[in-house]
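**Student:** Structure file target05.txt (compact mmCIF, C-alpha atoms and all ligand atoms) is given on the next line.
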```txt
# COMPACT_ATOMS: atom_id res chain seq x y z
CA MET A 84 -25.08 -0.72 -22.93
CA LYS A 85 -21.61 -2.24 -22.52
CA LYS A 86 -18.73 -0.61 -24.42
CA GLN A 87 -15.31 -2.22 -24.72
CA PHE A 88 -12.54 0.33 -24.21
CA LEU A 89 -9.40 -1.75 -23.72
CA ASN A 90 -7.87 -4.89 -25.17
CA LEU A 91 -4.86 -6.28 -23.30
CA GLY A 92 -4.52 -9.33 -25.54
CA LYS A 93 -4.12 -12.98 -24.60
CA GLN A 94 -3.42 -13.43 -20.91
CA PRO A 95 -2.89 -16.39 -18.57
CA ILE A 96 -4.24 -16.93 -15.05
CA ALA A 97 -2.50 -14.06 -13.20
CA ASN A 98 -1.57 -16.20 -10.20
CA GLY A 99 -1.07 -19.35 -12.28
CA PHE A 100 2.63 -19.73 -11.44
CA LEU A 101 3.78 -22.87 -13.17
CA GLN A 102 6.50 -25.40 -13.82
CA GLU A 103 8.14 -26.21 -17.16
CA LYS A 104 5.99 -29.34 -17.55
CA ASP A 105 2.76 -27.31 -17.29
CA ILE A 106 3.58 -24.92 -20.14
CA PRO A 107 1.90 -26.91 -22.98
CA ASN A 108 -1.44 -26.86 -21.10
CA GLU A 109 -1.35 -23.27 -19.95
CA TYR A 110 -4.78 -21.59 -20.19
CA LEU A 111 -5.02 -18.26 -22.02
CA PHE A 112 -7.98 -15.93 -22.45
CA ASP A 113 -8.73 -12.57 -24.09
CA LEU A 114 -8.37 -9.81 -21.49
CA THR A 115 -10.61 -6.90 -22.40
CA ALA A 116 -12.33 -4.25 -20.29
CA GLU A 117 -15.73 -2.71 -20.85
CA VAL A 118 -17.87 -0.10 -19.19
CA ASP A 119 -21.63 -0.26 -18.72
CA THR A 120 -22.93 3.14 -19.77
CA GLU A 121 -26.02 2.80 -17.54
CA THR A 122 -24.43 1.82 -14.21
CA TRP A 123 -20.81 2.87 -15.09
CA LEU A 124 -19.56 -0.46 -13.78
CA VAL A 125 -16.22 -1.44 -15.34
CA SER A 126 -15.86 -5.20 -15.87
CA LEU A 127 -13.83 -7.67 -17.85
CA GLY A 128 -15.29 -8.68 -21.21
CA GLN A 129 -14.69 -12.35 -20.37
CA PHE A 130 -14.83 -13.93 -16.93
CA VAL A 131 -12.59 -16.87 -16.08
CA PRO A 132 -14.28 -19.69 -14.09
CA GLY A 133 -13.62 -19.17 -10.36
CA GLU A 134 -12.24 -22.67 -9.76
CA MET A 135 -9.45 -22.03 -12.27
CA MET A 136 -8.17 -19.08 -10.22
CA PHE A 137 -9.12 -19.74 -6.60
CA ASN A 138 -8.25 -23.29 -5.62
CA ASP A 139 -6.07 -25.33 -3.28
CA THR A 140 -2.83 -24.01 -4.80
CA TYR A 141 -3.63 -20.29 -4.74
CA ALA A 142 -0.34 -18.42 -4.46
CA TYR A 143 -1.12 -14.87 -3.27
CA ARG A 144 -0.59 -14.27 0.46
CA ALA A 145 -1.92 -10.94 1.71
CA SER A 146 0.50 -10.98 4.64
CA MET A 147 3.63 -10.77 2.48
CA SER A 148 4.10 -7.02 2.97
CA ASN A 149 4.47 -4.94 6.13
CA THR A 150 2.21 -2.33 4.55
CA MET A 151 -0.71 -4.77 4.36
CA GLN A 152 -0.01 -6.30 7.80
CA LYS A 153 -0.17 -2.83 9.35
CA PHE A 154 -3.22 -1.83 7.33
CA PHE A 155 -5.27 -4.84 8.44
CA LYS A 156 -4.22 -4.47 12.08
CA ARG A 157 -5.24 -0.81 12.07
CA GLU A 158 -8.60 -1.69 10.49
CA ALA A 159 -9.28 -4.51 12.95
CA ASP A 160 -8.34 -2.32 15.94
CA ALA A 161 -10.78 0.37 14.75
CA PHE A 162 -13.67 -2.10 14.43
CA ARG A 163 -13.00 -3.72 17.77
CA LYS A 164 -12.89 -0.32 19.48
CA GLY A 165 -16.41 0.37 18.26
CA GLU A 166 -17.88 -2.93 19.39
CA GLY A 167 -18.89 -1.90 22.95
CA ASP A 168 -19.85 -4.51 25.54
CA VAL A 169 -21.54 -7.00 23.23
CA PRO A 170 -19.05 -8.81 20.97
CA MET A 171 -19.63 -8.15 17.28
CA LYS A 172 -20.48 -11.16 15.20
CA THR A 173 -18.03 -10.86 12.34
CA LEU A 174 -17.91 -12.55 8.96
CA GLU A 175 -15.02 -12.07 6.58
CA ILE A 176 -15.58 -12.96 2.95
CA GLY A 177 -12.26 -13.83 1.28
CA SER A 178 -10.07 -14.23 4.39
CA ASN A 179 -6.92 -15.33 2.48
CA ASP A 180 -4.21 -16.31 5.01
CA GLY A 181 -6.01 -14.75 7.98
CA VAL A 182 -4.15 -11.43 7.90
CA PHE A 183 -7.31 -9.58 9.08
CA ILE A 184 -9.31 -12.08 11.15
CA LYS A 185 -6.32 -13.08 13.25
CA HIS A 186 -7.01 -9.86 15.22
CA PHE A 187 -10.52 -11.03 16.18
CA ASP A 188 -11.81 -13.52 18.73
CA PRO A 189 -12.53 -16.87 17.01
CA LYS A 190 -15.55 -17.34 19.30
CA HIS A 191 -17.61 -14.87 17.27
CA THR A 192 -15.72 -14.66 13.96
CA ILE A 193 -16.28 -16.81 10.90
CA ALA A 194 -14.78 -16.72 7.43
CA VAL A 195 -15.31 -17.72 3.83
CA GLU A 196 -12.33 -18.54 1.63
CA PRO A 197 -12.59 -20.61 -1.56
CA CYS A 198 -8.83 -21.23 -1.72
CA GLY A 199 -8.58 -24.51 0.16
CA ASN A 200 -4.96 -24.05 1.23
CA PHE A 201 -5.79 -20.82 3.08
CA ALA A 202 -9.15 -22.05 4.43
CA GLU A 203 -7.24 -24.91 6.00
CA GLU A 204 -4.75 -22.49 7.59
CA THR A 205 -7.43 -20.27 9.16
CA ASN A 206 -9.47 -23.28 10.29
CA LYS A 207 -6.32 -24.46 12.09
CA MET A 208 -6.01 -20.99 13.66
CA GLY A 209 -9.46 -21.63 15.19
CA TYR A 210 -11.65 -19.59 12.82
CA LYS A 211 -14.52 -21.55 11.31
CA THR A 212 -13.75 -21.07 7.61
CA TYR A 213 -16.02 -22.23 4.80
CA PRO A 214 -13.86 -23.30 1.83
CA ASP A 215 -16.48 -22.18 -0.67
CA PHE A 216 -17.42 -19.38 -3.05
CA TRP A 217 -19.79 -16.69 -1.77
CA ASP A 218 -23.13 -17.73 -3.25
CA ASP A 219 -26.83 -18.26 -2.40
CA GLU A 220 -26.28 -21.64 -0.77
CA LEU A 221 -23.43 -20.48 1.45
CA ALA A 222 -25.29 -17.34 2.54
CA LEU A 223 -28.22 -19.51 3.65
CA THR A 224 -25.91 -21.95 5.45
CA ILE A 225 -24.29 -19.09 7.36
CA LEU A 226 -27.64 -17.61 8.25
CA ASP A 227 -28.86 -20.99 9.44
CA LYS A 228 -25.77 -21.97 11.46
CA HIS A 229 -24.49 -18.60 12.72
CA GLY A 230 -27.37 -16.13 12.42
CA LYS A 231 -27.10 -12.53 11.23
CA GLN A 232 -23.73 -10.79 11.33
CA ASP A 233 -22.91 -7.35 12.76
CA LEU A 234 -19.83 -6.79 10.63
CA VAL A 235 -19.37 -8.27 7.18
CA PHE A 236 -15.87 -7.45 5.98
CA ALA A 237 -14.30 -8.14 2.60
CA ALA A 238 -10.92 -6.85 1.43
CA ASN A 239 -9.98 -7.30 -2.21
CA CYS A 240 -12.69 -9.85 -2.66
CA MET A 241 -16.00 -8.37 -3.85
CA CYS A 242 -14.40 -7.13 -7.10
CA HIS A 243 -13.42 -10.75 -7.79
CA ILE A 244 -17.04 -11.91 -8.00
CA PRO A 245 -18.56 -11.83 -11.51
CA ALA A 246 -22.21 -12.01 -10.34
CA ILE A 247 -21.78 -8.91 -8.19
CA GLN A 248 -25.45 -7.95 -7.86
CA ASN A 249 -26.26 -11.37 -6.46
CA ALA A 250 -23.20 -11.27 -4.17
CA PHE A 251 -24.37 -8.00 -2.59
CA GLU A 252 -27.92 -9.34 -2.21
CA ASN A 253 -26.49 -12.29 -0.28
CA VAL A 254 -24.56 -9.92 1.98
CA ALA A 255 -27.83 -8.07 2.72
CA LYS A 256 -29.39 -11.42 3.71
CA VAL A 257 -26.78 -12.17 6.40
CA LEU A 258 -26.33 -8.60 7.69
CA SER A 259 -28.04 -7.72 10.99
CA ASP A 260 -30.49 -4.78 10.94
CA ASP A 261 -27.89 -2.38 12.36
CA GLY A 262 -24.93 -4.25 10.91
CA VAL A 263 -22.34 -2.76 8.60
CA PHE A 264 -20.83 -4.16 5.46
CA VAL A 265 -17.29 -2.85 4.92
CA PHE A 266 -15.40 -3.72 1.77
CA THR A 267 -12.19 -2.49 0.20
CA ASP A 268 -11.19 -2.84 -3.44
CA PRO A 269 -8.97 -1.04 -5.96
CA SER A 270 -10.46 2.28 -7.02
CA LEU A 271 -11.37 2.89 -10.65
CA ALA A 272 -10.50 6.58 -10.25
CA SER A 273 -6.98 5.65 -9.11
CA MET A 274 -6.59 3.19 -11.97
CA ILE A 275 -7.60 5.84 -14.50
CA ASN A 276 -5.55 8.62 -12.89
CA ARG A 277 -2.42 6.51 -12.48
CA GLY A 278 -2.66 4.65 -15.77
CA SER A 279 -2.34 1.42 -13.78
CA TYR A 280 -3.95 -0.88 -16.34
CA ASP A 281 -2.36 -3.84 -14.56
CA GLN A 282 -5.23 -3.79 -12.06
CA LEU A 283 -7.01 -5.61 -14.87
CA TYR A 284 -6.47 -9.36 -14.78
CA ASP A 285 -8.60 -12.49 -14.54
CA GLU A 286 -9.29 -12.17 -10.79
CA HIS A 287 -10.53 -8.59 -11.02
CA ALA A 288 -13.88 -9.19 -12.64
CA HIS A 289 -14.72 -5.53 -11.92
CA ILE A 290 -12.90 -2.36 -10.99
CA PHE A 291 -15.32 -0.35 -8.86
CA SER A 292 -16.18 3.31 -8.85
CA VAL A 293 -18.28 4.65 -5.98
CA THR A 294 -20.79 5.69 -8.63
CA ALA A 295 -21.27 2.11 -9.87
CA LEU A 296 -21.35 0.72 -6.34
CA GLY A 297 -24.06 3.17 -5.32
CA ASN A 298 -26.22 1.84 -8.16
CA ILE A 299 -25.62 -1.86 -7.41
CA LEU A 300 -25.95 -1.59 -3.63
CA ASP A 301 -29.20 0.34 -4.02
CA LYS A 302 -30.70 -2.55 -5.99
CA ALA A 303 -29.50 -4.93 -3.24
CA GLY A 304 -31.40 -2.95 -0.57
CA MET A 305 -28.35 -1.22 0.88
CA ARG A 306 -26.92 2.30 0.87
CA ILE A 307 -23.41 3.68 1.25
CA ILE A 308 -22.78 5.53 4.52
CA ASP A 309 -19.05 6.15 4.17
CA VAL A 310 -16.23 6.11 1.66
CA GLU A 311 -12.60 6.17 2.69
CA HIS A 312 -9.83 6.41 0.13
CA PHE A 313 -6.45 4.79 0.83
CA SER A 314 -3.96 6.09 -1.71
CA GLY A 315 -1.19 3.79 -0.43
CA ILE A 316 -3.14 0.51 -0.53
CA HIS A 317 -2.86 -1.51 -3.72
CA GLY A 318 -2.27 1.57 -5.82
CA GLY A 319 -5.34 3.41 -4.51
CA SER A 320 -8.31 1.67 -2.90
CA ASN A 321 -11.73 2.72 -1.70
CA GLN A 322 -13.22 1.34 1.47
CA ILE A 323 -16.99 1.42 1.33
CA SER A 324 -19.22 1.12 4.39
CA ALA A 325 -22.81 0.19 3.59
CA VAL A 326 -25.90 -0.58 5.66
CA LYS A 327 -29.39 -1.82 4.98
CA LYS A 328 -31.67 0.96 3.75
CA THR A 329 -33.77 0.58 6.91
CA CYS A 330 -30.79 1.28 9.18
CA LEU A 331 -30.76 4.84 10.57
CA THR A 332 -26.99 5.46 10.52
CA PRO A 333 -26.48 8.78 8.71
CA GLU A 334 -24.40 9.14 5.58
CA SER A 335 -21.03 10.88 5.98
CA GLU A 336 -20.13 13.87 3.81
CA ALA A 337 -17.41 11.76 2.22
CA VAL A 338 -20.04 9.91 0.18
CA GLN A 339 -21.25 12.93 -1.79
CA ARG A 340 -17.65 14.15 -2.09
CA ALA A 341 -16.71 10.82 -3.73
CA TYR A 342 -19.62 11.04 -6.20
CA ASP A 343 -18.73 14.64 -7.06
CA TYR A 344 -15.08 13.79 -7.55
CA GLU A 345 -15.87 10.89 -9.89
CA GLU A 346 -18.21 13.10 -11.88
CA ALA A 347 -15.50 15.78 -12.11
CA ILE A 348 -12.86 13.39 -13.46
CA GLY A 349 -15.32 12.03 -16.02
CA LEU A 350 -16.08 8.50 -14.83
CA SER A 351 -19.59 8.85 -16.28
CA ASN A 352 -18.28 9.83 -19.68
CA LEU A 353 -17.23 7.31 -22.31
CA ASP A 354 -14.50 9.63 -23.69
CA THR A 355 -12.59 9.26 -20.40
CA TYR A 356 -12.26 5.52 -21.03
CA MET A 357 -11.28 5.92 -24.67
CA ASN A 358 -8.58 8.47 -23.74
CA TYR A 359 -7.36 6.15 -21.00
CA ALA A 360 -6.90 3.37 -23.56
CA LYS A 361 -4.61 5.65 -25.58
CA ARG A 362 -2.49 6.33 -22.48
CA VAL A 363 -2.23 2.58 -21.85
CA GLN A 364 -0.89 2.03 -25.39
CA LYS A 365 1.70 4.77 -24.81
CA SER A 366 2.71 3.21 -21.49
CA LYS A 367 3.34 -0.08 -23.30
CA ASP A 368 5.43 1.61 -26.02
CA ASP A 369 7.47 3.55 -23.45
CA LEU A 370 8.16 0.50 -21.30
CA ILE A 371 9.32 -1.58 -24.26
CA THR A 372 11.56 1.28 -25.43
CA LEU A 373 13.17 1.68 -21.99
CA LEU A 374 13.72 -2.06 -21.47
CA MET A 375 15.17 -2.51 -24.97
CA SER A 376 17.57 0.41 -24.61
CA LEU A 377 18.85 -0.96 -21.28
CA LYS A 378 19.21 -4.42 -22.80
CA GLN A 379 21.12 -3.05 -25.79
CA ARG A 380 23.55 -1.46 -23.32
CA GLY A 381 24.13 -4.94 -21.82
CA LYS A 382 22.35 -4.25 -18.53
CA LYS A 383 21.06 -7.01 -16.28
CA ILE A 384 17.39 -6.49 -15.51
CA ILE A 385 15.44 -8.48 -12.93
CA GLY A 386 11.84 -8.26 -11.68
CA TYR A 387 11.01 -7.36 -8.07
CA GLY A 388 7.70 -8.82 -6.81
CA ALA A 389 5.95 -11.32 -9.09
CA SER A 390 2.54 -9.76 -8.53
CA SER A 391 -0.68 -10.54 -10.36
CA LYS A 392 -0.39 -7.07 -11.84
CA SER A 393 2.99 -7.88 -13.35
CA THR A 394 1.38 -10.81 -15.20
CA THR A 395 -0.78 -8.32 -17.12
CA VAL A 396 2.13 -5.97 -17.88
CA LEU A 397 4.57 -8.67 -19.00
CA ASN A 398 2.06 -10.43 -21.24
CA TYR A 399 0.63 -7.22 -22.71
CA CYS A 400 4.11 -5.84 -23.44
CA GLY A 401 5.56 -9.20 -24.55
CA VAL A 402 8.39 -9.16 -21.99
CA ASP A 403 9.96 -12.55 -21.28
CA SER A 404 13.19 -13.97 -19.83
CA SER A 405 15.22 -12.61 -22.76
CA VAL A 406 14.60 -9.16 -21.21
CA ILE A 407 13.97 -9.82 -17.50
CA GLU A 408 16.35 -12.57 -16.40
CA TYR A 409 14.35 -13.61 -13.35
CA PHE A 410 11.98 -12.27 -10.68
CA ILE A 411 12.54 -12.30 -6.96
CA ASP A 412 9.60 -12.76 -4.61
CA THR A 413 9.23 -13.49 -0.91
CA THR A 414 6.21 -15.79 -1.37
CA PRO A 415 7.21 -19.45 -0.86
CA GLU A 416 4.35 -20.59 -3.15
CA LYS A 417 5.85 -18.63 -6.09
CA GLN A 418 9.56 -19.40 -5.61
CA GLY A 419 11.02 -22.03 -7.95
CA LYS A 420 8.13 -21.52 -10.39
CA LEU A 421 7.75 -19.56 -13.65
CA THR A 422 5.73 -16.40 -14.22
CA PRO A 423 2.39 -17.05 -15.96
CA GLY A 424 2.48 -16.70 -19.74
CA THR A 425 6.01 -15.29 -19.95
CA HIS A 426 7.78 -18.10 -18.07
CA ILE A 427 10.40 -16.05 -16.25
CA PRO A 428 11.98 -17.98 -13.33
CA ILE A 429 11.15 -16.79 -9.79
CA LEU A 430 13.93 -16.87 -7.19
CA THR A 431 14.12 -16.05 -3.51
CA PRO A 432 15.53 -12.58 -2.70
CA GLU A 433 18.60 -14.30 -1.21
CA GLU A 434 19.28 -16.07 -4.53
CA GLY A 435 18.48 -13.19 -6.84
CA LEU A 436 19.61 -9.96 -5.18
CA THR A 437 23.19 -10.18 -6.39
CA ASP A 438 25.71 -7.36 -6.93
CA ASP A 439 25.54 -7.63 -10.72
CA VAL A 440 21.86 -6.57 -10.91
CA ASP A 441 21.68 -3.28 -12.83
CA PHE A 442 17.93 -2.61 -12.87
CA ALA A 443 14.80 -4.08 -11.28
CA PHE A 444 11.32 -3.89 -12.80
CA LEU A 445 8.90 -3.19 -9.95
CA GLY A 446 6.15 -5.76 -10.32
CA ALA A 447 4.95 -4.62 -6.88
CA TRP A 448 5.02 -0.85 -7.64
CA ASN A 449 2.24 -0.41 -5.06
CA PHE A 450 4.84 -1.19 -2.39
CA ALA A 451 7.50 1.09 -3.89
CA SER A 452 8.18 2.94 -0.64
CA GLU A 453 8.35 -0.25 1.46
CA ILE A 454 10.68 -1.85 -1.08
CA SER A 455 12.92 1.15 -1.70
CA SER A 456 13.40 1.69 2.04
CA LYS A 457 14.84 -1.83 2.39
CA GLU A 458 16.66 -1.98 -0.98
CA LYS A 459 18.64 1.25 -0.80
CA ALA A 460 21.42 -0.14 -3.05
CA LEU A 461 18.97 -0.21 -5.98
CA ALA A 462 17.80 3.41 -5.51
CA GLY A 463 17.25 5.11 -8.87
CA ARG A 464 17.44 1.76 -10.67
CA PHE A 465 13.90 0.53 -10.13
CA ILE A 466 11.84 0.56 -13.33
CA THR A 467 8.16 1.32 -12.96
CA HIS A 468 5.36 2.08 -15.39
CA VAL A 469 3.13 3.89 -12.85
CA PRO A 470 2.06 6.66 -13.22
CA MET A 471 4.32 6.78 -16.28
CA VAL A 472 7.34 4.78 -17.34
CA HIS A 473 10.35 6.01 -15.34
CA LEU A 474 13.24 5.03 -13.08
CA THR A 475 12.80 5.53 -9.34
O1 LIG B 1 -6.91 -8.47 -5.21
C1 LIG B 1 -5.78 -8.89 -5.20
C2 LIG B 1 -4.72 -8.06 -4.65
C3 LIG B 1 -5.14 -7.21 -3.53
O2 LIG B 1 -3.62 -8.80 -4.27
C4 LIG B 1 -5.45 -10.20 -5.66
N1 LIG B 1 -6.38 -10.68 -6.56
C5 LIG B 1 -4.08 -10.62 -5.78
C6 LIG B 1 -3.09 -9.64 -5.25
O3 LIG B 1 -2.59 -8.85 -6.30
P1 LIG B 1 -1.01 -8.70 -6.52
O4 LIG B 1 -0.43 -10.04 -6.68
O5 LIG B 1 -0.84 -7.73 -7.60
O6 LIG B 1 -0.62 -8.12 -5.09
P2 LIG B 1 0.65 -7.49 -4.49
O7 LIG B 1 0.45 -7.49 -3.03
O8 LIG B 1 0.95 -6.20 -5.10
O9 LIG B 1 1.85 -8.48 -4.83
C7 LIG B 1 3.13 -8.16 -4.44
C8 LIG B 1 4.06 -9.32 -4.68
O10 LIG B 1 5.37 -8.87 -4.37
C9 LIG B 1 3.79 -10.51 -3.77
O11 LIG B 1 4.07 -11.69 -4.48
C10 LIG B 1 4.78 -10.34 -2.65
C11 LIG B 1 5.93 -9.69 -3.35
N2 LIG B 1 6.78 -8.85 -2.49
C12 LIG B 1 8.13 -9.15 -2.37
O12 LIG B 1 8.60 -10.13 -2.97
N3 LIG B 1 8.89 -8.35 -1.58
C13 LIG B 1 6.23 -7.77 -1.86
C14 LIG B 1 7.01 -6.98 -1.07
C15 LIG B 1 6.43 -5.79 -0.36
C16 LIG B 1 8.40 -7.29 -0.91
O13 LIG B 1 9.15 -6.59 -0.21
```
If you took the structure in this file and wrote it as structure tokens, what would it be?
**Tutor:**
Amino acid sequence: MKKQFLNLGKQPIANGFLQEKDIPNEYLFDLTAEVDTETWLVSLGQFVPGEMMFNDTYAYRASMSNTMQKFFKREADAFRKGEGDVPMKTLEIGSNDGVFIKHFDPKHTIAVEPCGNFAEETNKMGYKTYPDFWDDELALTILDKHGKQDLVFAANCMCHIPAIQNAFENVAKVLSDDGVFVFTDPSLASMINRGSYDQLYDEHAHIFSVTALGNILDKAGMRIIDVEHFSGIHGGSNQISAVKKTCLTPESEAVQRAYDYEEAIGLSNLDTYMNYAKRVQKSKDDLITLLMSLKQRGKKIIGYGASSKSTTVLNYCGVDSSVIEYFIDTTPEKQGKLTPGTHIPILTPEEGLTDDVDFAFLGAWNFASEISSKEKALAGRFITHVPMVHLT
């Protein structure tokens, strides 16, 4: 049975950065989260059609932070080390701007990316990229044209797919008998522990626990052989390695440890979700109180990093350009546009990092250490709501 535990109100497309002329037609939906008390899968109450989020003007570039560049290089190096003499046939689902596959040989690497702008970029880089959503038809096409794959990799992609059972079944179809499916997504445990409710937005159809994934993968004919937790990646992410049930690779001890941990923190208990919702309400109240008190003292507040997550926070807390004058962001696709729903202008860092800035709301709190090491002048004046509202 599905139980709603959180209501974050009307929200726009999280990466729907827009211009003044687009405001009258801006799409809004009810952002709620629910938990399935049989599988313990956390999902949005309403899914937004994929084409409205992932299209030819998609704005999020995974390569915009050093942290993510380094993470993907390290991952790719580790996989390539294990490939032996025979090159691994690799498929990446959701390759974004190529931040991961660029470390692989295009001769035996293919990709799937529904955002046409990025599919075009990686095709130009020499990687055959299908500009489509991961579905039955595409899985069959890949099987037909490229055969079974030894490594199927997906970073911050599987949790974006509403029909997740079907998506995993399609992975099982294209995976070779000894192949491994490795996917990384934000961790539900981290979201609950850190109070980071801003992991919930249109693109994140689900926030995965290992518990829920074990259930869904089992039905898709696969089993988890390893779980790695990255506390510094997107606010806490789990990387799951799964194989076909017939594959003999043993399960690492980390798998049972992950199940035990999730049981211990109550992820299979509805009360945990209800208590979490109360903490989210308090986070909202505290953030509004802090921003208002700074504003009343005449302080200039800007936003740093117009992330998808910040769309949820700003819209849930009702923070617009009367509070945050503008955002700065390094992504060319976002600069010169307005934040979704709250319509705060986005400037380049060169334009917006001026001496009169008093405080900066960290929209990209997950990169706090990367940002604070390069913005030393703002030390102690960054506002964040994770794990609780404070200045850092
Ligand atoms: O799954 C998803 C995750 C992994 O990435 C997506 N659906 C979309 C995206 O979520 P996000 O937008 O919340 O991701 P980030 O990486 O936290 O966004 C950070 C933003 O901050 C980017 O727009 C880049 C920007 N930035 C910046 O302007 N200066 C980032 C850094 C590190 C900087 O120094």
**Student:** Which residues, written as a list in words, have at least one atom at most 12 Å from Arg163 of chain A, with all atoms listed in the file counted and residues fewer than 2 positions away on the same chain left out?
**Tutor:**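 The residues satisfying every condition are Lys156, Arg157, Glu158, Ala159, Asp160, Ala161, Gly165, Glu166, Gly167, Asp168, Val169, Pro170, Met171, Lys172, Thr173, Phe183, Ile184, His186, Phe187, Asp188, Thr192, Asp233 and Leu234 of chain A.
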**Student:** Got a sec: who's within 9 Å of Leu370 of chain A, counting only C-alpha atoms, leaving out chain neighbours fewer than 4 positions off, as a count of residues only?
**Tutor:** 11
**Student:** When distances are computed from all atoms listed in the file, which of A:Val257, A:Leu91, A:Ala462, A:Leu445 shows the smallest separation from Ala116 of chain A?
**Tutor:** A:Leu91
**Student:** I'd like the neighbourhood of segment 415-424 of chain A as an mmCIF file with C-alpha atoms, keeping the file's coordinate frame, where a residue qualifies if any of its atoms comes within 6 Å (using all atoms listed in the file), though same-chain residues fewer than 3 positions away should be ignored.
**Tutor:**
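Wrote around.cif, looks like this:
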```cif
data_model
loop_
_atom_site.group_PDB
_atom_site.id
_atom_site.type_symbol
_atom_site.label_atom_id
_atom_site.label_comp_id
_atom_site.auth_asym_id
_atom_site.auth_seq_id
_atom_site.Cartn_x
_atom_site.Cartn_y
_atom_site.Cartn_z
ATOM 1 C CA PRO A 95 -2.890 -16.390 -18.570
ATOM 2 C CA GLY A 99 -1.070 -19.350 -12.280
ATOM 3 C CA PHE A 100 2.630 -19.730 -11.440
ATOM 4 C CA LEU A 101 3.780 -22.870 -13.170
ATOM 5 C CA GLN A 102 6.500 -25.400 -13.820
ATOM 6 C CA ALA A 142 -0.340 -18.420 -4.460
ATOM 7 C CA ILE A 427 10.400 -16.050 -16.250
ATOM 8 C CA PRO A 428 11.980 -17.980 -13.330
ATOM 9 C CA ILE A 429 11.150 -16.790 -9.790
ATOM 10 C CA LEU A 430 13.930 -16.870 -7.190
#
```
**Student:** So the first atom is atom CA of Leu283 of chain A and the second is atom CA of Ser391 of chain A; what is the distance between them in Å, to one decimal place?
**Tutor:**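 It comes out at 9.2 Å.
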**Student:** Expressed in Å to a single decimal, how great is the separation between atom CA of Ala337 of chain A and atom CA of Phe266 of chain A?
**Tutor:**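 Between these atoms lies a distance of 15.6 Å.
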**Student:** Just how far from atom CA of Asn179 of chain A is atom CA of Lys231 of chain A, in Å to one decimal?
**Tutor:**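 Distance between the two atoms: 22.2 Å.
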**Student:** Please determine, counting all atoms listed in the file, which residue among A:Phe465, A:Ile384, A:Glu117, A:Lys207 has the shortest atom-to-atom distance to Leu89 of chain A.
**Tutor:**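 Between A:Phe465, A:Ile384, A:Glu117, A:Lys207, the residue approaching Leu89 of chain A most closely is A:Glu117.
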**Student:** Considering only C-alpha atoms, state which residue in the set A:Gly401, A:Gly128, A:Pro470, A:Gly319 is at the smallest distance from Phe88 of chain A.
**Tutor:**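 Comparing A:Gly401, A:Gly128, A:Pro470, A:Gly319 against Phe88 of chain A, the winner is A:Gly128.
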**Student:** Find the residues around Gln94 of chain A up to 7 Å (all atoms listed in the file counted), leave out those fewer than 6 positions away in its own chain, and share them as a list of chain:residue names.
**Tutor:**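 Close residues of Gln94 of chain A: A:Leu111, A:Phe112, A:Asp113, A:Leu114, A:Thr395, A:Asn398, A:Gly424.
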**Student:** Hey, which of A:Lys86, A:Lys228, A:His191, A:Lys378 ends up closest to Leu124 of chain A? Count only C-alpha atoms.
**Tutor:**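 When distances to Leu124 of chain A are compared using only C-alpha atoms, the smallest one comes from A:Lys86.
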